[in-house]
Structure formats: C-alpha cells, structure tokens
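Peer 1: Below: one structure in structure tokens.
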Protein chains: 2
Amino acid sequence: MEVKLAFAGFGNVARAFARMLVERQNDLTRDYGFRFRATAISTNRHGSILSPEGIDLIEAVDRMERGESLTGLAGSESVADSFSLIEQCDAYILFETTPLNVENGEPAASYIRRALDRRIHVITANKGPVAFCYRELRRLARTRSASFRFEGTVMDGAPVFNMVESCLPGARVLGFEGILNSTTNIILTGMEEGRSFDECLMEAERAGIAEANADYDIDGWDAAMKAVALANVLMGTEINPREIKPQGIRAVTNDDIITAARRGRVIRLIARGQQVSDEVVISVAPEEVMKDSPFGAVRGSSNILKIKTDLMGEIAMLETDPGVRQTAYALVSDMLAVFARMREP
Amino acid sequence: MEVKLAFAGFGNVARAFARMLVERQNDLTRDYGFRFRATAISTNRHGSILSPEGIDLIEAVDRMERGESLTGLAGSESVADSFSLIEQCDAYILFETTPLNVENGEPAASYIRRALDRRIHVITANKGPVAFCYRELRRLARTRSASFRFEGTVMDGAPVFNMVESCLPGARVLGFEGILNSTTNIILTGMEEGRSFDECLMEAERAGIAEANADYDIDGWDAAMKAVALANVLMGTEINPREIKPQGIRAVTNDDIITAARRGRVIRLIARGQQVSDEVVISVAPEEVMKDSPFGAVRGSSNILKIKTDLMGEIAMLETDPGVRQTAYALVSDMLAVFARMREP
C-alpha cells in the first residue's frame, strides 16, 4: 500500500525524519508493507509546494539546507500557505513540526484541527497544541476516526506517552517529575564545571538544541509546556498553560552552584505534576538535588522523567544525549503506530 | 466475558497478583469487559486443587499464609500435580510462577510447553524458561495461536519487554547493560555505608527480595538468566545459559569499596549484552562506575536497564525500590495485553 505524506514545517526535525524515511524505505516496505509518497511541504520562508506525483525528499532537504526555495522543485506547484496545503494535499498523514508558540499554540493547533477535520492523521512534534488544546483535538480525532500522535513533544523519541498508553495498562499515573529541557540542563551542568551561563547557552545554540527563541528555555516555558502536555495526556487534566508561572534559571549564579556543591548537591530545573487534593498542580523551578541521585546524574542534554503510579510504583525513563535524530525517530514511531492502528478492525 | 485462570505456583508473587485482581475486579470489568474465575492452583507443599465453579482467591491466599493446605477448600477437588492440573483446568490463561531453576529452567518450561500445546495463554514471572527455551516456546505459542508473555522476569513490572515490543517499532536493539539483581545491589550499596556483606544479605532475605537460594543472586546467576532472557527476546539470540560464566559479588570486600570511593567510584554488578562481530556476548561482573553516574545513583533494591538502539540512541528505564506488588503488576499488564490481543482480528 502507498501512503501519501504531507509536511507542515520542514525544519531540522522534519528534515532528519525525511532522511530517515528515505534511508529505511526498504525496511519499512518489507516489515510493514507500506511505501510512501511525499505530496506536500509547507515552510515559512522557503515556499510551500504540492506535488501529486511525489516530491523528491532528498532534493527538498538539500534545497532547504542550501537556503534555497522549494518553489520550482520538479513536478511541483506552488501553494499559498499551510491551510491551502492541508485542503489540497489529499494526504494520509500530516507531519506538523512548525515552531512553538507559548502564547496559544497557534497556528499549529489550527493546522492540526483542519487536518483532523479532513480525516487526515496528524503526527506532531510541537508541544503547543498538546498543551493548549489536547482534549479538543483528541475529541475531534475520535469523531473523525483519525489518529493524533505527539510522542516527539516530550523527551524526543523516548517513548513517554506511548509507554504509558501501551505498557502500563490498568495503572493510574499519580504524578511525575522530570528534567525535560536540554538547554537549561546544558547550562546548569556546564556551570558546575566553572563555565559561564552565556558560554553554555551559546554551546546549546550551536548544537541546535536551544529553541529558536532561547528565552523559552531559560525562563522555563518549554519545560512548562511539556509538563502541561504530560498532565493533560497522562493525568486527564485540562490546564490552561497561561496559568502556569514557571521559574526559569535566569537567576541561578555560579555562586549558587558552588554553595550547593559544598553540600554534595547540584541544581536542576525540575518540572512537576502533582495531585493536590482534587487538582493537578504543575510547577517548574530550579531545585537542589543530591549530586549522586538519579536526577543529579542527568547531565548535559540528557533528560529524565519519573512517573509515579498506583499499581506499578515509580519508574523513570532516562534519555542519554539526545540529538535531532531522536526527535525524528519519534515521528517514525508515531507513523508506525498509525499503521498498526489501521490494521485493527 | 468470563475468563478462567489457573495458577502453577502460588508463592509471594502469585498471591500479591491474586489480591490485586480481587481488589481491581470492578475496574477490570468496567474498563476491559472481563470478569475472571480462578479454577486451578497447584503448589509444591500446600496441595493442588481444581474447582470448575471457581476458587475463592482470598481464602486460598489466607490458607497459604497461615501455612495450611489448599486441599479441601470449598467446592474444590484435589489433583496430583501441575501437569494433571494443566490437562484438566480448561483455563484461558495459566500464570506460571514456580521457582527458578538455573540448570535447565525445568519443570517450569515443561508446564509452559504443556499449556501452550493445549492453546492456553501463558504468563510467567520465571526467567528460567525464557533464558533456556524462548525460541521454542515462542514458536509453539505461534503455532497454537496462544500468547506467551513474561514481563515480570526482568525488572519486575517495569515494562522492559513490552516497551521494546510496542514502543520502539522499526528500531533495532544493538546492546544493553543493567543493574538487574536487587539482592546484590542491596549488599553493595549497604557495604558503602560500612555494613557487612552478611548483614546486608540478611536484610535482603528479610525483605523477601533474595531468591529462595540466595547463592543464585550472589554468584550472578539471577542476573545472568535475566541477561540471556533480554538477549533472546530483544536481540534474537539463542544463547545456552549454561555457557555464561557470571562473576558474582562474593569476592567484593569492604576494602574494595573504600578504595573505589577514594576515586569517586562505587561497585555495581553489571549485566551486559553486546554485539561483538556477529554474535551477542553476555557478561555479568562487578564493575566500578562513577558515584554520580546514572548507574552509581541506583541504590538498594532499585534496578536500571539501559538499551542501545540504532534509530533511537540510548534510553534507560529505572525502577525505584520495587516490591512484590510491582512483580504482581507485571502479571496484570501481561494479562491485559492478552485481552487486547484477543480483540484483534
């Protein structure tokens, strides 16, 4: 069977995914019985194209990376914007990877809404829509018999949502805590080695790990969006992300880190979701933890998420030095989950 | 729908599972549409019973815990042994939780073989059969359209096998390393606090964590069986567990631990599966690791398993202070996976 794919956003993650897809095409056909054809790509600054005959993904990736426009790619026609693209693409799955907007999750949420409404399965790596309108989008997906998947929104391709969904049946999530933002962890652990805040931030930026707007990382917004997404999906809440007041790491000094070290401690930016009487309270703040604790052992771009459950006690997932390939893998695993669901009755 | 359950072995794990089942009966019926009836229990020293009308599980648990025989439980008839029980029980699922045999995995492997052959789904918490005859049992299960599940054999209910099976589609496991045996970790981390080997071993025995034969823990056999089970299932090997020469922790002294501590290190019993040219090599040995590394941070009965994959890089699963309830949960999650599979076409 041939599956048509469309892309809203074609940045680092989407391009790494496109490369992985081409690289594994034969395995996917052999193991899952699917071939794919990319029929649409929209970008902000490099044009948006449709091609019912199929886009050469490697050529599209190369053009973007040379800073060229996609417009004029062989066999393609230009299209005005992402909404027109979603209307016209006739795709089976839309990969939504446009940038994070911490104000309201737009326009990503509207792209997803439009696609689901047209019964297109949606896979996103954008935490905004999951933080701002998870319940609405899930409901819409159900009424349209479409899938809405978002494994890449928290801890890249580490199976956080999928693990709770498929491997902890019957268990209830009571709370979670995690180190979920790589940029701030690179800064905090870099400062432990005596480097300056700004020097470490530049390192994260050079590595392509920082958000396009690094204030989102430093002020705790990225971690807050992830925590709200986790609470919405794993604990059934419907929290307004605007009500969260994250405390970032802007005020953490090298002195704070030295003082903590004297007590055998280190500072980590910890995101929490806790059941407090009958509501779930989200917090994001720098905290001191023991240097030789599981959270203290998480350094550089690594992440950890600890989940507390009723039947299974506490388990944690640790992701070591993730790169863009891991987030790209999240899209692969979500895509294969869509295929698996398709085979169900 | 009503599901008939049979138990081969009714020790700590099976009894904790039986309690959880009774406690959650209403939730299971509501969320999964299943009611259950326990129709058979075999034990080594407390008799074996069949009861087509259904066994009162709480009464059976209480009898065992008072040291009484199951024989004579209301409505039940006595049966000679586990093989006769499997022949006669007419169950839908067999829960196999008899003790570990590191020589050949028997008689557990034969119980499982007999049950699968009769198209009874099998869920085991016994690593022996998975280490000694995984491939054969999987093949048999497939030809009989039965499920063979074993989540509880490694890291209790932490979803190790199920996570790789359902959440890492398309990715290949290239290797793993872990702290998989709680007793030796209690001993090694207890010795860091200046206590003696024997004192810590007694603590693990009192907590019901040590194997019935604690030499299996101390000499690395339990960890070796788990490593072989992981390699068989996750990496497709067919290793003879008898060929593994685990190095346990019997020779580790308080002096070794003090010497390591001077270098900021601690000793952990580490089990590994590594691809070396075209074979998978299993090793189990005490190793020095940094005190503030993820492995150094694993103390007491806690466990960790790090998996290296091609597409998803490295992820680790950490289980904090597991108890018998967590292993019991593994049986619950496997049971719900059997139910889920039943609903497929």
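Just so we're on the same page: first chain in the structure tokens is A, next is B, and so on; residues restart at 1 for each chain, and ligands are numbered from 1 in the order they show up.
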Residues of chain B within 7 Å of chain A, counting only C-alpha atoms - could you list those as an mmCIF file with N, CA, C and O atoms, in the first residue's frame?

Peer 2:
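Wrote it out as out_37.cif, contents follow:
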```cif
data_model
loop_
_atom_site.group_PDB
_atom_site.id
_atom_site.type_symbol
_atom_site.label_atom_id
_atom_site.label_comp_id
_atom_site.auth_asym_id
_atom_site.auth_seq_id
_atom_site.Cartn_x
_atom_site.Cartn_y
_atom_site.Cartn_z
ATOM 1 N N GLY B 157 7.677 -5.304 37.267
ATOM 2 C CA GLY B 157 6.631 -4.831 36.361
ATOM 3 C C GLY B 157 7.055 -3.678 35.470
ATOM 4 O O GLY B 157 6.272 -3.207 34.647
ATOM 5 N N ALA B 158 8.296 -3.204 35.601
ATOM 6 C CA ALA B 158 8.752 -2.136 34.702
ATOM 7 C C ALA B 158 8.691 -2.689 33.283
ATOM 8 O O ALA B 158 9.189 -3.780 33.015
ATOM 9 N N PRO B 159 8.061 -1.960 32.366
ATOM 10 C CA PRO B 159 7.784 -2.532 31.042
ATOM 11 C C PRO B 159 9.015 -2.552 30.142
ATOM 12 O O PRO B 159 9.210 -1.684 29.318
ATOM 13 N N ASN B 162 7.765 -5.227 26.981
ATOM 14 C CA ASN B 162 6.614 -4.618 26.319
ATOM 15 C C ASN B 162 6.976 -3.271 25.699
ATOM 16 O O ASN B 162 6.460 -2.907 24.649
ATOM 17 N N MET B 163 7.876 -2.523 26.349
ATOM 18 C CA MET B 163 8.280 -1.216 25.818
ATOM 19 C C MET B 163 8.988 -1.385 24.474
ATOM 20 O O MET B 163 8.677 -0.687 23.515
ATOM 21 N N SER B 166 6.304 -2.723 21.880
ATOM 22 C CA SER B 166 5.265 -1.836 21.345
ATOM 23 C C SER B 166 5.688 -0.397 21.132
ATOM 24 O O SER B 166 4.992 0.319 20.431
ATOM 25 N N CYS B 167 6.776 0.050 21.762
ATOM 26 C CA CYS B 167 7.076 1.492 21.683
ATOM 27 C C CYS B 167 8.345 1.824 20.917
ATOM 28 O O CYS B 167 8.676 2.986 20.774
ATOM 29 N N LEU B 168 9.092 0.834 20.478
ATOM 30 C CA LEU B 168 10.278 1.139 19.681
ATOM 31 C C LEU B 168 10.186 0.468 18.309
ATOM 32 O O LEU B 168 11.115 -0.218 17.870
ATOM 33 N N PRO B 169 9.044 0.656 17.614
ATOM 34 C CA PRO B 169 8.876 -0.032 16.338
ATOM 35 C C PRO B 169 9.928 0.437 15.338
ATOM 36 O O PRO B 169 10.301 1.610 15.341
ATOM 37 N N LYS B 291 30.334 7.409 41.038
ATOM 38 C CA LYS B 291 29.282 7.520 42.054
ATOM 39 C C LYS B 291 28.128 8.398 41.559
ATOM 40 O O LYS B 291 26.968 8.142 41.869
ATOM 41 N N ASP B 292 28.451 9.450 40.775
ATOM 42 C CA ASP B 292 27.401 10.369 40.319
ATOM 43 C C ASP B 292 26.961 10.092 38.885
ATOM 44 O O ASP B 292 26.473 10.977 38.189
ATOM 45 N N SER B 293 27.125 8.828 38.430
ATOM 46 C CA SER B 293 26.597 8.423 37.123
ATOM 47 C C SER B 293 25.210 7.822 37.332
ATOM 48 O O SER B 293 24.838 7.488 38.460
ATOM 49 N N PRO B 294 24.442 7.657 36.254
ATOM 50 C CA PRO B 294 23.126 7.024 36.431
ATOM 51 C C PRO B 294 23.216 5.646 37.108
ATOM 52 O O PRO B 294 22.384 5.325 37.948
ATOM 53 N N ALA B 297 23.950 5.995 40.805
ATOM 54 C CA ALA B 297 22.805 6.532 41.552
ATOM 55 C C ALA B 297 21.760 5.464 41.878
ATOM 56 O O ALA B 297 20.801 5.737 42.591
ATOM 57 N N LEU B 311 18.069 3.524 15.812
ATOM 58 C CA LEU B 311 17.378 4.757 15.456
ATOM 59 C C LEU B 311 17.150 5.695 16.631
ATOM 60 O O LEU B 311 17.038 6.900 16.468
ATOM 61 N N MET B 312 17.060 5.135 17.848
ATOM 62 C CA MET B 312 16.628 5.951 18.984
ATOM 63 C C MET B 312 17.761 6.232 19.969
ATOM 64 O O MET B 312 17.547 6.793 21.030
ATOM 65 N N GLY B 313 19.013 5.860 19.617
ATOM 66 C CA GLY B 313 20.116 6.125 20.540
ATOM 67 C C GLY B 313 19.960 5.328 21.824
ATOM 68 O O GLY B 313 19.485 4.179 21.791
ATOM 69 N N GLU B 314 20.337 5.909 22.944
ATOM 70 C CA GLU B 314 20.296 5.204 24.227
ATOM 71 C C GLU B 314 19.158 5.688 25.108
ATOM 72 O O GLU B 314 19.027 6.882 25.355
ATOM 73 N N ILE B 315 18.357 4.746 25.595
ATOM 74 C CA ILE B 315 17.404 5.100 26.639
ATOM 75 C C ILE B 315 17.538 4.102 27.775
ATOM 76 O O ILE B 315 17.965 2.964 27.575
ATOM 77 N N ALA B 316 17.198 4.553 28.976
ATOM 78 C CA ALA B 316 17.273 3.665 30.132
ATOM 79 C C ALA B 316 15.958 3.712 30.887
ATOM 80 O O ALA B 316 15.247 4.713 30.878
ATOM 81 N N MET B 317 15.648 2.591 31.509
ATOM 82 C CA MET B 317 14.472 2.504 32.364
ATOM 83 C C MET B 317 14.974 2.250 33.778
ATOM 84 O O MET B 317 15.824 1.382 34.002
ATOM 85 N N LEU B 318 14.467 3.013 34.712
ATOM 86 C CA LEU B 318 14.900 2.933 36.105
ATOM 87 C C LEU B 318 13.690 2.580 36.959
ATOM 88 O O LEU B 318 12.630 3.202 36.810
ATOM 89 N N GLU B 319 13.834 1.579 37.801
ATOM 90 C CA GLU B 319 12.733 1.186 38.677
ATOM 91 C C GLU B 319 13.161 1.448 40.115
ATOM 92 O O GLU B 319 14.196 0.954 40.549
ATOM 93 N N THR B 320 12.360 2.251 40.839
ATOM 94 C CA THR B 320 12.748 2.674 42.184
ATOM 95 C C THR B 320 12.148 1.747 43.244
ATOM 96 O O THR B 320 10.925 1.563 43.288
ATOM 97 N N GLN B 326 5.067 -4.833 42.513
ATOM 98 C CA GLN B 326 5.474 -4.469 41.154
ATOM 99 C C GLN B 326 5.560 -5.713 40.263
ATOM 100 O O GLN B 326 5.196 -5.657 39.094
ATOM 101 N N TYR B 329 2.187 -6.657 39.379
ATOM 102 C CA TYR B 329 1.648 -5.803 38.320
ATOM 103 C C TYR B 329 2.083 -6.287 36.929
ATOM 104 O O TYR B 329 1.339 -6.143 35.959
ATOM 105 N N SER B 333 -0.298 -6.558 33.752
ATOM 106 C CA SER B 333 -0.119 -5.905 32.452
ATOM 107 C C SER B 333 -0.047 -6.943 31.337
ATOM 108 O O SER B 333 -0.593 -6.735 30.253
ATOM 109 N N LEU B 336 -3.610 -8.028 30.603
ATOM 110 C CA LEU B 336 -4.352 -7.052 29.806
ATOM 111 C C LEU B 336 -3.853 -7.042 28.359
ATOM 112 O O LEU B 336 -4.629 -6.804 27.433
ATOM 113 N N GLU B 344 -8.123 -8.355 18.696
ATOM 114 C CA GLU B 344 -7.671 -8.126 17.321
ATOM 115 C C GLU B 344 -8.305 -9.147 16.384
ATOM 116 O O GLU B 344 -8.790 -10.171 16.831
ATOM 117 N N PRO B 345 -8.265 -8.862 15.077
ATOM 118 C CA PRO B 345 -8.927 -9.765 14.130
ATOM 119 C C PRO B 345 -8.236 -11.119 14.091
ATOM 120 O O PRO B 345 -7.050 -11.195 14.300
#
```

Peer 1: Mind listing the strand (DSSP E or B) residues of region 249-324 of chain B, per DSSP on the backbone, as a ChimeraX atom specification?

Peer 2: /B:265-276,279-290,303-309,314-320

Peer 1: In Å, rounded to a single decimal, give me how far CA of Ile282 (chain A) is from CA of Glu243 (chain A).

Peer 2: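 Calculated distance between CA of Glu243 (chain A) and CA of Ile282 (chain A) is 9.6 Å.
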
Peer 1: I want to know what sits within 12 Å of Ala285 (chain A), based on only C-alpha atoms, with residues of the same chain fewer than 5 positions away left out; could you give that as JSON, numbers by chain?

Peer 2: {"A": [177, 178, 179, 180, 181, 184, 218, 219, 220, 221, 223, 224, 227, 244, 245, 246, 247, 248, 249, 250, 251, 252, 267, 268, 269, 270, 271, 272]}

Peer 1: Identify, on the basis of only C-alpha atoms, every residue whose closest approach to Thr43 (chain B) does not exceed 9 Å; exclude the query and any residue fewer than 2 positions from it along the same chain; express the result as a ChimeraX atom specification.

Peer 2: /B:7-11,41,45-49,70,81-82,98

Peer 1: Between B:Leu73, B:Ala261, B:Leu174, B:Val280, single out the one closest to Glu193 (chain B), counting only C-alpha atoms.

Peer 2: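 Among B:Leu73, B:Ala261, B:Leu174, B:Val280, it is B:Ala261 that comes nearest to Glu193 (chain B).
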
Peer 1: Which neighbours of region 114-116 of chain B fall inside 8 Å, counting only C-alpha atoms, when residues of the same chain fewer than 3 positions from it are skipped, and could you give them as a ChimeraX atom specification?

Peer 2: /B:83,86-87,94,110-111,119-122,140-141,144,146,148

Peer 1: CA of Gly208 (chain B) to CA of Glu23 (chain B): how many Å, to one decimal?

Peer 2: 22.4 Å

Peer 1: Give me the residues near Met1 (chain B) as a list in words, where near means some atom within 12 Å (using only C-alpha atoms) and where sequence neighbours in that chain fewer than 6 positions away do not count.

Peer 2: Leu28, Thr29, Arg30, Tyr32, Gly33, Phe34, Arg35, Phe36, Arg37, Tyr92, Phe339, Met342 and Arg343 of chain B

Peer 1: Output N, CA, C and O atoms of each residue in that selection to a file, as a CSV table (one decimal), in the first residue's frame.

Peer 2:
```
chain,number,residue,atom,x,y,z
B,28,LEU,N,-11.5,-3.8,36.3
B,28,LEU,CA,-11.2,-4.6,35.1
B,28,LEU,C,-12.5,-4.9,34.3
B,28,LEU,O,-12.5,-4.8,33.1
B,29,THR,N,-13.6,-5.1,35.0
B,29,THR,CA,-14.8,-5.4,34.3
B,29,THR,C,-15.3,-4.2,33.6
B,29,THR,O,-15.7,-4.2,32.4
B,30,ARG,N,-15.2,-3.0,34.2
B,30,ARG,CA,-15.7,-1.8,33.6
B,30,ARG,C,-14.8,-1.4,32.4
B,30,ARG,O,-15.3,-1.1,31.4
B,32,TYR,N,-12.3,-3.2,30.8
B,32,TYR,CA,-11.9,-4.2,29.8
B,32,TYR,C,-13.0,-5.2,29.5
B,32,TYR,O,-12.8,-6.0,28.6
B,33,GLY,N,-14.1,-5.2,30.2
B,33,GLY,CA,-15.2,-6.0,29.9
B,33,GLY,C,-15.0,-7.5,30.3
B,33,GLY,O,-15.6,-8.4,29.7
B,34,PHE,N,-14.0,-7.8,31.2
B,34,PHE,CA,-13.8,-9.1,31.6
B,34,PHE,C,-14.0,-9.4,33.1
B,34,PHE,O,-13.7,-8.6,33.9
B,35,ARG,N,-14.7,-10.5,33.4
B,35,ARG,CA,-14.7,-11.0,34.7
B,35,ARG,C,-13.8,-12.2,34.7
B,35,ARG,O,-13.6,-12.8,33.7
B,36,PHE,N,-13.3,-12.6,35.9
B,36,PHE,CA,-12.4,-13.8,35.9
B,36,PHE,C,-12.9,-14.8,36.9
B,36,PHE,O,-13.6,-14.4,37.9
B,37,ARG,N,-12.6,-16.0,36.7
B,37,ARG,CA,-12.8,-17.1,37.7
B,37,ARG,C,-11.5,-17.9,37.8
B,37,ARG,O,-11.1,-18.4,36.8
B,92,TYR,N,-8.2,-20.3,30.5
B,92,TYR,CA,-7.9,-19.4,29.4
B,92,TYR,C,-6.4,-18.9,29.5
B,92,TYR,O,-5.7,-18.8,28.5
B,339,PHE,N,-5.7,-9.9,26.7
B,339,PHE,CA,-7.0,-9.4,26.4
B,339,PHE,C,-7.0,-8.5,25.2
B,339,PHE,O,-7.9,-8.7,24.3
B,342,MET,N,-6.7,-10.5,22.1
B,342,MET,CA,-7.9,-11.3,21.8
B,342,MET,C,-8.9,-10.5,21.0
B,342,MET,O,-9.7,-11.0,20.2
B,343,ARG,N,-8.9,-9.2,21.1
B,343,ARG,CA,-9.8,-8.3,20.4
B,343,ARG,C,-9.4,-8.1,19.0
B,343,ARG,O,-10.2,-7.5,18.2
```

Peer 1: From a DSSP pass on the backbone, collect the residues of region 89-274 of chain B flagged as helix (DSSP H, G or I) and hand them back as number ranges by chain.

Peer 2: B: 108-117, 127-143, 151-153, 161-167, 182-192, 197-206, 215-218, 221-235, 241-243, 254-262

Peer 1: Could you please take those selected residues and save C-alpha atoms as a compact mmCIF listing (two decimals), in the first residue's frame?

Peer 2:
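Heads up, here's the output in out-v9.txt:
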```
# COMPACT_ATOMS: atom_id res chain seq x y z
CA ALA B 108 8.58 -24.58 34.54
CA ALA B 109 9.48 -24.90 30.85
CA SER B 110 7.53 -28.16 30.62
CA TYR B 111 4.49 -26.68 32.34
CA ILE B 112 4.53 -23.84 29.82
CA ARG B 113 5.03 -26.23 26.89
CA ARG B 114 2.11 -28.37 28.02
CA ALA B 115 -0.17 -25.35 28.49
CA LEU B 116 0.69 -23.70 25.16
CA ASP B 117 0.21 -27.02 23.43
CA LYS B 127 13.14 -16.25 33.88
CA GLY B 128 14.34 -19.86 33.51
CA PRO B 129 12.09 -20.83 30.58
CA VAL B 130 12.75 -17.52 28.77
CA ALA B 131 16.51 -17.99 29.18
CA PHE B 132 16.54 -21.70 28.23
CA CYS B 133 13.88 -22.08 25.57
CA TYR B 134 12.45 -18.77 24.44
CA ARG B 135 12.61 -19.51 20.74
CA GLU B 136 10.99 -22.92 21.06
CA LEU B 137 8.21 -21.61 23.32
CA ARG B 138 7.54 -18.61 21.10
CA ARG B 139 7.29 -20.87 18.07
CA LEU B 140 4.94 -23.23 19.90
CA ALA B 141 2.81 -20.29 21.07
CA ARG B 142 2.52 -19.04 17.48
CA THR B 143 1.53 -22.38 16.03
CA GLU B 151 7.20 -9.07 31.53
CA GLY B 152 7.80 -9.95 35.19
CA THR B 153 11.00 -11.89 34.51
CA PHE B 161 9.95 -6.28 27.00
CA ASN B 162 6.61 -4.62 26.32
CA MET B 163 8.28 -1.22 25.82
CA VAL B 164 10.65 -2.53 23.16
CA GLU B 165 7.86 -4.59 21.57
CA SER B 166 5.27 -1.84 21.34
CA CYS B 167 7.08 1.49 21.68
CA SER B 182 18.21 -6.33 43.72
CA THR B 183 19.88 -8.54 46.36
CA THR B 184 23.42 -7.84 45.20
CA ASN B 185 22.63 -4.13 44.86
CA ILE B 186 21.32 -4.04 48.42
CA ILE B 187 24.56 -5.70 49.54
CA LEU B 188 26.92 -3.47 47.52
CA THR B 189 25.18 -0.22 48.48
CA GLY B 190 24.78 -1.34 52.10
CA MET B 191 28.53 -2.03 52.27
CA GLU B 192 29.09 1.59 51.08
CA PHE B 197 28.17 -8.34 53.46
CA ASP B 198 26.27 -10.82 55.66
CA GLU B 199 24.28 -8.17 57.45
CA CYS B 200 23.10 -6.72 54.11
CA LEU B 201 22.31 -10.17 52.72
CA MET B 202 20.12 -10.86 55.75
CA GLU B 203 18.33 -7.58 55.13
CA ALA B 204 17.54 -8.66 51.54
CA GLU B 205 16.35 -12.03 52.82
CA ARG B 206 14.13 -10.48 55.48
CA ASP B 215 23.59 -18.09 46.02
CA TYR B 216 21.78 -17.54 42.71
CA ASP B 217 21.85 -13.82 43.46
CA ILE B 218 25.33 -13.56 44.95
CA TRP B 221 23.11 -16.47 38.17
CA ASP B 222 19.92 -14.49 38.54
CA ALA B 223 21.45 -11.55 36.63
CA ALA B 224 22.86 -13.93 34.00
CA MET B 225 19.45 -15.56 33.40
CA LYS B 226 17.89 -12.12 33.01
CA ALA B 227 20.62 -11.02 30.59
CA VAL B 228 20.12 -14.16 28.48
CA ALA B 229 16.35 -13.60 28.52
CA LEU B 230 16.88 -10.00 27.34
CA ALA B 231 19.30 -11.06 24.61
CA ASN B 232 16.95 -13.83 23.41
CA VAL B 233 13.91 -11.59 23.23
CA LEU B 234 15.36 -8.20 22.26
CA MET B 235 18.31 -9.25 20.12
CA PRO B 241 22.63 -20.05 29.57
CA ARG B 242 24.96 -22.83 30.75
CA GLU B 243 27.72 -21.27 28.67
CA ASN B 254 34.64 -3.60 52.23
CA ASP B 255 38.22 -2.62 51.36
CA ASP B 256 37.43 -2.76 47.62
CA ILE B 257 34.50 -0.44 48.22
CA ILE B 258 36.58 2.01 50.27
CA THR B 259 39.33 2.04 47.62
CA ALA B 260 36.76 2.72 44.89
CA ALA B 261 35.15 5.50 46.96
CA ARG B 262 38.50 7.33 47.17
```
